[in-house]
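First up is the structure itself, then whatever we jot down about it.
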Amino acid sequence: MTNPNLPSKIRNVTGLLTALVLVVIVVQLCNAMLIASIPDMARRIGTSTESIGLTQAFYFLAAGLAAVALAGYSDFTDRRRLVLLVLAVTCVGIVVAAVAPTIDVLFAGRVLQGASGGLFPLVLRVLQETVPAGKFGWAMGIVSAAYAGSTGVDGLIGGWLTDNYGFRAVLAFMFLVAVTAMFVTARTLPELPRATAGRLDRAGLVLLCLSLTVVQIGAGLAGDAGFLTAGLVIAVGVALFAAFWWVERRTDAPLVPTGYLRSRQAWPVLATSALIMAGLLSVLNYTVPVLSQDRVHGYGNTAMTTALLFIVPVAAVNLVFSPIAGHLAGRIGWHRVLRFALACSVPVVAVLAYGYATQWLVVTLVAVFGLFSAMALTAINGLSVLLAPDRNLAVLPGVNSTAFAIGASLGITSASQIIAASPGGDPSSPAVYQLALWMTVITAAAAFLVSLTVAETNDQRIPNSG
């Protein structure tokens with residue numbers, strides 16, 4: 001697993017992880033830290049919150065595209081330089097957004113920040129190449145904790161900065177973290193020369209990026225444009241993926257062998273990831289926060305109280321238990337941890353659906369759900385690395401990042417549609433919250449069933465089957 005030709009200083013796993021954790025935190029800050037600043041951004045720039053929301057949507061679209069494109073390219077270049085380049089582009093995007101006088105400039109800045117979406121699969125690829133097998137599970141858990149554990153904490157910091165200094169202060173904070181990550185990475189990470197001989201399958205990469213991007217657009221349109229329009233857009237994405245499949249079958253050096261895509265090393269991992277995120281995000285980022293702030297049928301909490309009760313505890317649980325889950329997975333098996341976590345999450349959400357009207361019970365169950373989610377996300381991230389195709393080891397983590405985004409979009413869209421479509425015309429009828437939670441029970445159960453089909457491996461790397 002570890003490249004014997006790497007410089008000896010790579011054996012300093014702690015120093016390496018410090019750099020990679022900072023890189024992952026940059027990704028998470030770009031993803032979530034501006035959410036609390038949306039009203040302030042609209043007011044200071046002189047536009048609507050809907051326009052600001054559109055910049056957020058295009059940021060995630062660019063991030064999904066970057067995840068696939070950079071993952072496909074990473075094994076054909078020096079990954080250290082690529083990480084530093086992406087961090088530099090992200091810094092430029094942060095600065096452009098921070099000084100933006102108009103919505104158009106802000107839009108450009110957020111799209112440039114979307115380059116950060118390619119960093120997480122790059123980090124996973126670097127982990128696989130540099131960390132000794134005995135420490136891989138622990139390292140994967142640390143990185144997963146940084147990716148998920150900062151959620152909530154960054155929201156609180158972002159909210160405080162926005163309330164006191166405005167959204168530009170939030171971007172200034174993000175810039176300082178990104179520059180620090182660049183400095184530490186430049187000092188810690190050695191050169192990581194290209195790992196794959198031959199030429200990059202550019203046609204396959206373009207078609208794969210386009211197909212996944214169009215599917216992601218369709219998933220995002222489901223809430224505003226309706227499921228019919230979204231379905232048509234997703235169908236275009238599926239047609240582009242069919243074209244990608246046709247090209248891959250006819251090239252001598254495919255980006256991803258079609259035999260691999262058909263195997264249980266690929267599609268079950270992606271499907272499980274999408275289902276996990278659909279259930280996780282619909283509960284933690286939509287249903288419970290809306291229920292918490294509903295003054296008629298919910299708990300009537302403020303936004304800050306909601307974050308303290310339902311978001312920060314989940315972030316803390318992720319921070320503590322993701323490294324434990326990674327260490328455990330390295331010892332007893334990644335599949336066992338994944339399936340155990342998903343199997344346990346189903347009854348937790350079922351009890352949550354029954355007892356949603358009792359706030360203290362929901363606070364407790366959301367934290368427990370966060371624990372099993374941390375275990376599941378750590379395990380599925382590890383499997384996306386360990387089951388990647390030999391020719392391009394970063395492709396599966398890259399596509400998996402897009403599967404996360406697609407699943408999150410579909411989960412939140414479905415929950416919002418259920419809550420908005422209350423029988424009797426009341427958009428906040430208590431019954432719709434229970435229905436949205438039952439949707440998550442079904443999603444979690446489906447994720448568990450699909451996880452049973454993921455290919456087994458007793459080693460840190462297995463040969464691809466295609």
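By convention here, the chains of the structure tokens are called A, B, ... in the order presented, each chain's residues are numbered starting at 1, and ligands are numbered starting at 1 in the order presented.
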Who sits within 9 Å of Leu383 (chain A), only C-alpha atoms, same chain under 2 positions skipped, as a ChimeraX atom specification: /A:265,269,334-335,378-381,385-388,397,454
Go ahead and write the residues just picked, N, CA and C atoms, as a CSV table (one decimal), in the first residue's frame.
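New file result07.csv:
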```csv
chain,number,residue,atom,x,y,z
A,265,GLN,N,-17.5,-4.2,-6.7
A,265,GLN,CA,-16.6,-3.2,-6.1
A,265,GLN,C,-17.0,-1.8,-6.4
A,269,VAL,N,-21.0,0.4,-3.8
A,269,VAL,CA,-20.4,1.4,-3.0
A,269,VAL,C,-21.1,2.8,-3.2
A,334,TRP,N,-14.0,-3.5,7.2
A,334,TRP,CA,-14.7,-2.3,6.8
A,334,TRP,C,-16.2,-2.6,6.6
A,335,HIS,N,-16.4,-3.8,6.0
A,335,HIS,CA,-17.8,-4.2,5.7
A,335,HIS,C,-18.6,-4.4,7.0
A,378,THR,N,-17.3,6.8,7.6
A,378,THR,CA,-15.9,6.4,7.7
A,378,THR,C,-15.7,5.1,6.9
A,379,ALA,N,-16.6,4.1,7.1
A,379,ALA,CA,-16.4,2.8,6.5
A,379,ALA,C,-16.6,2.9,5.0
A,380,ILE,N,-17.6,3.7,4.5
A,380,ILE,CA,-17.8,3.7,3.1
A,380,ILE,C,-16.8,4.5,2.4
A,381,ASN,N,-16.2,5.6,3.1
A,381,ASN,CA,-15.1,6.3,2.5
A,381,ASN,C,-13.8,5.4,2.4
A,385,VAL,N,-11.8,3.8,-1.3
A,385,VAL,CA,-10.4,3.7,-1.5
A,385,VAL,C,-9.9,2.3,-1.8
A,386,LEU,N,-10.3,1.4,-0.9
A,386,LEU,CA,-9.8,0.0,-1.0
A,386,LEU,C,-10.3,-0.8,-2.2
A,387,LEU,N,-11.4,-0.4,-2.7
A,387,LEU,CA,-12.0,-1.1,-3.8
A,387,LEU,C,-11.9,-0.4,-5.1
A,388,ALA,N,-11.0,0.7,-5.2
A,388,ALA,CA,-10.9,1.4,-6.4
A,388,ALA,C,-10.1,0.6,-7.5
A,397,PRO,N,-13.1,7.1,-5.3
A,397,PRO,CA,-13.4,8.2,-4.3
A,397,PRO,C,-13.9,9.4,-4.9
A,454,VAL,N,-21.8,-5.2,-1.4
A,454,VAL,CA,-20.5,-4.7,-1.6
A,454,VAL,C,-19.4,-5.8,-1.6
```
message: Residues near His327 (chain A), anyone? I mean within 12 Å using only C-alpha atoms, not counting same-chain ones fewer than 5 positions away, as a VMD selection string.
response: chain A and resid 133 to 142 144 320 to 322 332 to 334 337 375 378 to 379 382
Using only N, CA and C atoms, please write the residues we just selected to a file, as a PDB file, in the first residue's frame.
```
ATOM      1  N   ALA A 133      -0.220   0.283   6.145  1.00  0.00           N
ATOM      2  CA  ALA A 133      -1.483  -0.453   6.225  1.00  0.00           C
ATOM      3  C   ALA A 133      -2.022  -0.521   7.646  1.00  0.00           C
ATOM      4  N   GLY A 134      -1.144  -0.691   8.630  1.00  0.00           N
ATOM      5  CA  GLY A 134      -1.590  -0.818  10.004  1.00  0.00           C
ATOM      6  C   GLY A 134      -2.210   0.438  10.577  1.00  0.00           C
ATOM      7  N   LYS A 135      -1.941   1.593   9.953  1.00  0.00           N
ATOM      8  CA  LYS A 135      -2.468   2.856  10.448  1.00  0.00           C
ATOM      9  C   LYS A 135      -3.533   3.455   9.533  1.00  0.00           C
ATOM     10  N   PHE A 136      -3.876   2.733   8.467  1.00  0.00           N
ATOM     11  CA  PHE A 136      -4.792   3.296   7.486  1.00  0.00           C
ATOM     12  C   PHE A 136      -6.177   3.550   8.069  1.00  0.00           C
ATOM     13  N   GLY A 137      -6.718   2.575   8.841  1.00  0.00           N
ATOM     14  CA  GLY A 137      -8.047   2.748   9.408  1.00  0.00           C
ATOM     15  C   GLY A 137      -8.118   3.939  10.343  1.00  0.00           C
ATOM     16  N   TRP A 138      -7.113   4.056  11.202  1.00  0.00           N
ATOM     17  CA  TRP A 138      -7.054   5.195  12.126  1.00  0.00           C
ATOM     18  C   TRP A 138      -6.974   6.512  11.360  1.00  0.00           C
ATOM     19  N   ALA A 139      -6.116   6.552  10.328  1.00  0.00           N
ATOM     20  CA  ALA A 139      -5.956   7.776   9.540  1.00  0.00           C
ATOM     21  C   ALA A 139      -7.243   8.128   8.801  1.00  0.00           C
ATOM     22  N   MET A 140      -7.919   7.115   8.245  1.00  0.00           N
ATOM     23  CA  MET A 140      -9.181   7.360   7.550  1.00  0.00           C
ATOM     24  C   MET A 140     -10.220   7.928   8.518  1.00  0.00           C
ATOM     25  N   GLY A 141     -10.240   7.417   9.738  1.00  0.00           N
ATOM     26  CA  GLY A 141     -11.171   7.931  10.731  1.00  0.00           C
ATOM     27  C   GLY A 141     -10.896   9.375  11.092  1.00  0.00           C
ATOM     28  N   ILE A 142      -9.605   9.733  11.213  1.00  0.00           N
ATOM     29  CA  ILE A 142      -9.239  11.116  11.526  1.00  0.00           C
ATOM     30  C   ILE A 142      -9.709  12.057  10.422  1.00  0.00           C
ATOM     31  N   SER A 144     -12.096  11.520   8.170  1.00  0.00           N
ATOM     32  CA  SER A 144     -13.557  11.547   8.145  1.00  0.00           C
ATOM     33  C   SER A 144     -14.103  12.422   9.272  1.00  0.00           C
ATOM     34  N   VAL A 320     -15.356  12.457  17.695  1.00  0.00           N
ATOM     35  CA  VAL A 320     -14.843  11.445  18.626  1.00  0.00           C
ATOM     36  C   VAL A 320     -14.870  10.047  18.016  1.00  0.00           C
ATOM     37  N   PHE A 321     -15.971   9.685  17.364  1.00  0.00           N
ATOM     38  CA  PHE A 321     -16.174   8.294  16.985  1.00  0.00           C
ATOM     39  C   PHE A 321     -15.687   7.934  15.590  1.00  0.00           C
ATOM     40  N   SER A 322     -15.466   8.900  14.707  1.00  0.00           N
ATOM     41  CA  SER A 322     -14.946   8.547  13.379  1.00  0.00           C
ATOM     42  C   SER A 322     -13.571   7.891  13.461  1.00  0.00           C
ATOM     43  N   ILE A 332     -11.425  -5.336  12.352  1.00  0.00           N
ATOM     44  CA  ILE A 332     -12.468  -6.359  12.192  1.00  0.00           C
ATOM     45  C   ILE A 332     -13.091  -6.375  10.803  1.00  0.00           C
ATOM     46  N   GLY A 333     -12.789  -5.367   9.981  1.00  0.00           N
ATOM     47  CA  GLY A 333     -13.329  -5.349   8.626  1.00  0.00           C
ATOM     48  C   GLY A 333     -14.205  -4.137   8.353  1.00  0.00           C
ATOM     49  N   TRP A 334     -13.983  -3.493   7.205  1.00  0.00           N
ATOM     50  CA  TRP A 334     -14.732  -2.299   6.823  1.00  0.00           C
ATOM     51  C   TRP A 334     -16.194  -2.629   6.564  1.00  0.00           C
ATOM     52  N   VAL A 337     -18.187  -3.011   9.937  1.00  0.00           N
ATOM     53  CA  VAL A 337     -18.495  -1.727  10.559  1.00  0.00           C
ATOM     54  C   VAL A 337     -19.612  -1.025   9.799  1.00  0.00           C
ATOM     55  N   MET A 375     -19.839   6.249  11.855  1.00  0.00           N
ATOM     56  CA  MET A 375     -19.268   4.936  11.563  1.00  0.00           C
ATOM     57  C   MET A 375     -19.490   4.550  10.103  1.00  0.00           C
ATOM     58  N   THR A 378     -17.349   6.762   7.649  1.00  0.00           N
ATOM     59  CA  THR A 378     -15.941   6.381   7.701  1.00  0.00           C
ATOM     60  C   THR A 378     -15.709   5.086   6.938  1.00  0.00           C
ATOM     61  N   ALA A 379     -16.595   4.116   7.146  1.00  0.00           N
ATOM     62  CA  ALA A 379     -16.441   2.819   6.487  1.00  0.00           C
ATOM     63  C   ALA A 379     -16.608   2.925   4.974  1.00  0.00           C
ATOM     64  N   GLY A 382     -13.623   4.543   3.400  1.00  0.00           N
ATOM     65  CA  GLY A 382     -12.516   3.594   3.331  1.00  0.00           C
ATOM     66  C   GLY A 382     -12.687   2.594   2.205  1.00  0.00           C
TER      67      GLY A 382
END
```
- request: Find the residues near Leu16 (chain A): any atom within 12 Å, counting only C-alpha atoms, skip ones fewer than 4 places away on the same chain, and give them as a ChimeraX atom specification.
  value: /A:9-12,20-23,80,123,126-127,129-132,139,142-143,181,184-190
- prompt: Which residue, A:Asp163, A:Asp201, A:Asp390, A:Asp78, has the smallest gap to Asp40 (chain A) when you use only C-alpha atoms?
  reply: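 Of the candidates, the smallest distance to Asp40 (chain A) is held by A:Asp163.
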- prompt: Could you pull out all residues of region 44-182 of chain A with a DSSP call of alpha helix (DSSP H) and give them as a PyMOL selection string?
  reply: chain A and resi 44-45+49-74+79-98+103-113+119-130+133-149+153-165+167-182
- request: May I have the residues within 7 Å of region 272-274 of chain A as number ranges by chain, using only C-alpha atoms and disregarding those fewer than 2 positions away in the same chain?
  value: A: 268-270, 276-278, 380, 400, 403-404, 406-407, 447, 450-451
What would the file look like if the residues just selected were written as a PDB file, in the first residue's frame with N, CA and C atoms?
```
ATOM      1  N   PRO A 268     -22.311  -0.946  -5.892  1.00  0.00           N
ATOM      2  CA  PRO A 268     -22.904  -0.963  -4.550  1.00  0.00           C
ATOM      3  C   PRO A 268     -22.317   0.094  -3.617  1.00  0.00           C
ATOM      4  N   VAL A 269     -21.027   0.411  -3.799  1.00  0.00           N
ATOM      5  CA  VAL A 269     -20.406   1.449  -2.980  1.00  0.00           C
ATOM      6  C   VAL A 269     -21.074   2.796  -3.248  1.00  0.00           C
ATOM      7  N   LEU A 270     -21.253   3.123  -4.528  1.00  0.00           N
ATOM      8  CA  LEU A 270     -21.846   4.403  -4.898  1.00  0.00           C
ATOM      9  C   LEU A 270     -23.305   4.485  -4.465  1.00  0.00           C
ATOM     10  N   ILE A 276     -26.970   6.636   2.080  1.00  0.00           N
ATOM     11  CA  ILE A 276     -26.560   7.117   3.403  1.00  0.00           C
ATOM     12  C   ILE A 276     -26.759   8.624   3.502  1.00  0.00           C
ATOM     13  N   MET A 277     -26.287   9.357   2.489  1.00  0.00           N
ATOM     14  CA  MET A 277     -26.394  10.816   2.524  1.00  0.00           C
ATOM     15  C   MET A 277     -27.836  11.276   2.402  1.00  0.00           C
ATOM     16  N   ALA A 278     -28.649  10.550   1.622  1.00  0.00           N
ATOM     17  CA  ALA A 278     -30.061  10.911   1.499  1.00  0.00           C
ATOM     18  C   ALA A 278     -30.753  10.837   2.857  1.00  0.00           C
ATOM     19  N   ILE A 380     -17.618   3.667   4.515  1.00  0.00           N
ATOM     20  CA  ILE A 380     -17.847   3.746   3.069  1.00  0.00           C
ATOM     21  C   ILE A 380     -16.754   4.550   2.386  1.00  0.00           C
ATOM     22  N   ASN A 400     -17.483   8.813  -5.814  1.00  0.00           N
ATOM     23  CA  ASN A 400     -18.200   8.639  -4.548  1.00  0.00           C
ATOM     24  C   ASN A 400     -18.551   9.987  -3.923  1.00  0.00           C
ATOM     25  N   ALA A 403     -21.556  11.045  -5.615  1.00  0.00           N
ATOM     26  CA  ALA A 403     -22.698  10.265  -5.124  1.00  0.00           C
ATOM     27  C   ALA A 403     -23.202  10.828  -3.806  1.00  0.00           C
ATOM     28  N   PHE A 404     -22.275  11.282  -2.948  1.00  0.00           N
ATOM     29  CA  PHE A 404     -22.684  11.949  -1.708  1.00  0.00           C
ATOM     30  C   PHE A 404     -23.569  13.155  -2.017  1.00  0.00           C
ATOM     31  N   ILE A 406     -25.272  13.917  -4.766  1.00  0.00           N
ATOM     32  CA  ILE A 406     -26.549  13.543  -5.382  1.00  0.00           C
ATOM     33  C   ILE A 406     -27.510  13.008  -4.323  1.00  0.00           C
ATOM     34  N   GLY A 407     -27.004  12.152  -3.451  1.00  0.00           N
ATOM     35  CA  GLY A 407     -27.844  11.612  -2.388  1.00  0.00           C
ATOM     36  C   GLY A 407     -28.351  12.693  -1.455  1.00  0.00           C
ATOM     37  N   ALA A 447     -30.131   1.365   2.316  1.00  0.00           N
ATOM     38  CA  ALA A 447     -28.672   1.458   2.365  1.00  0.00           C
ATOM     39  C   ALA A 447     -28.071   0.197   2.964  1.00  0.00           C
ATOM     40  N   VAL A 450     -28.352  -2.693   0.359  1.00  0.00           N
ATOM     41  CA  VAL A 450     -27.381  -2.543  -0.735  1.00  0.00           C
ATOM     42  C   VAL A 450     -25.968  -2.820  -0.232  1.00  0.00           C
ATOM     43  N   SER A 451     -25.671  -2.432   0.998  1.00  0.00           N
ATOM     44  CA  SER A 451     -24.323  -2.650   1.544  1.00  0.00           C
ATOM     45  C   SER A 451     -23.969  -4.126   1.616  1.00  0.00           C
TER      46      SER A 451
END
```
task: Have a look at CA of Leu352 (chain A) and CA of Ser409 (chain A) and let me know their distance in Å, one decimal.
output: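 Between these atoms lies a distance of 22.0 Å.
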field: For CA of Asp75 (chain A) and CA of Pro121 (chain A), the interatomic separation in Å (one decimal)
entry: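 These atoms are spaced 11.6 Å apart.
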message: Give me, as a ChimeraX atom specification, all polymer residues having an atom no more than 8 Å from region 202-217 of chain A, counting only C-alpha atoms and skipping those fewer than 5 positions away in the same chain.
response: /A:61,64-65,68-69,72,230,233-241,243-244,247-248,254-255,402,405-406,409
Output file for the selection above: C-alpha atoms, as a compact mmCIF listing (two decimals), in the first residue's frame:
```txt
# COMPACT_ATOMS: atom_id res chain seq x y z
CA LEU A 61 -22.24 21.79 -8.88
CA GLY A 64 -19.04 17.78 -7.79
CA LEU A 65 -17.46 18.32 -11.19
CA VAL A 68 -14.59 13.64 -10.60
CA ALA A 69 -12.25 15.57 -12.90
CA GLY A 72 -9.46 11.10 -12.76
CA ALA A 230 -35.83 16.83 -12.75
CA VAL A 233 -32.64 16.18 -16.77
CA ILE A 234 -31.55 13.04 -14.95
CA ALA A 235 -32.49 11.01 -18.04
CA VAL A 236 -30.09 13.17 -20.09
CA GLY A 237 -27.40 12.42 -17.52
CA VAL A 238 -28.11 8.70 -17.83
CA ALA A 239 -27.82 8.98 -21.63
CA LEU A 240 -24.44 10.67 -21.24
CA PHE A 241 -23.34 7.88 -18.92
CA ALA A 243 -22.16 7.25 -24.04
CA PHE A 244 -19.34 7.06 -21.48
CA VAL A 247 -16.48 4.86 -25.20
CA GLU A 248 -14.91 2.89 -22.35
CA PRO A 254 -10.17 3.11 -20.27
CA LEU A 255 -10.53 5.50 -17.39
CA THR A 402 -20.46 13.12 -6.32
CA ALA A 405 -23.84 15.22 -3.30
CA ILE A 406 -26.55 13.54 -5.38
CA SER A 409 -29.79 16.70 -2.86
```
query: How many Å lie between CA of Tyr260 (chain A) and CA of Leu119 (chain A), rounded to one decimal?
result: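 Calculated distance between CA of Tyr260 (chain A) and CA of Leu119 (chain A) is 24.0 Å.
Of the listed residues A:Ser282, A:Asn301, A:Asn392, A:Gln434, the one whose atoms come nearest to Ala350 (chain A) is A:Gln434, with distances taken using only C-alpha atoms.
For the residues A:Leu280, A:Leu200, A:Ile412, A:Met41, ranking by smallest atom-to-atom distance to Ala367 (chain A) using only C-alpha atoms places A:Leu280 first.
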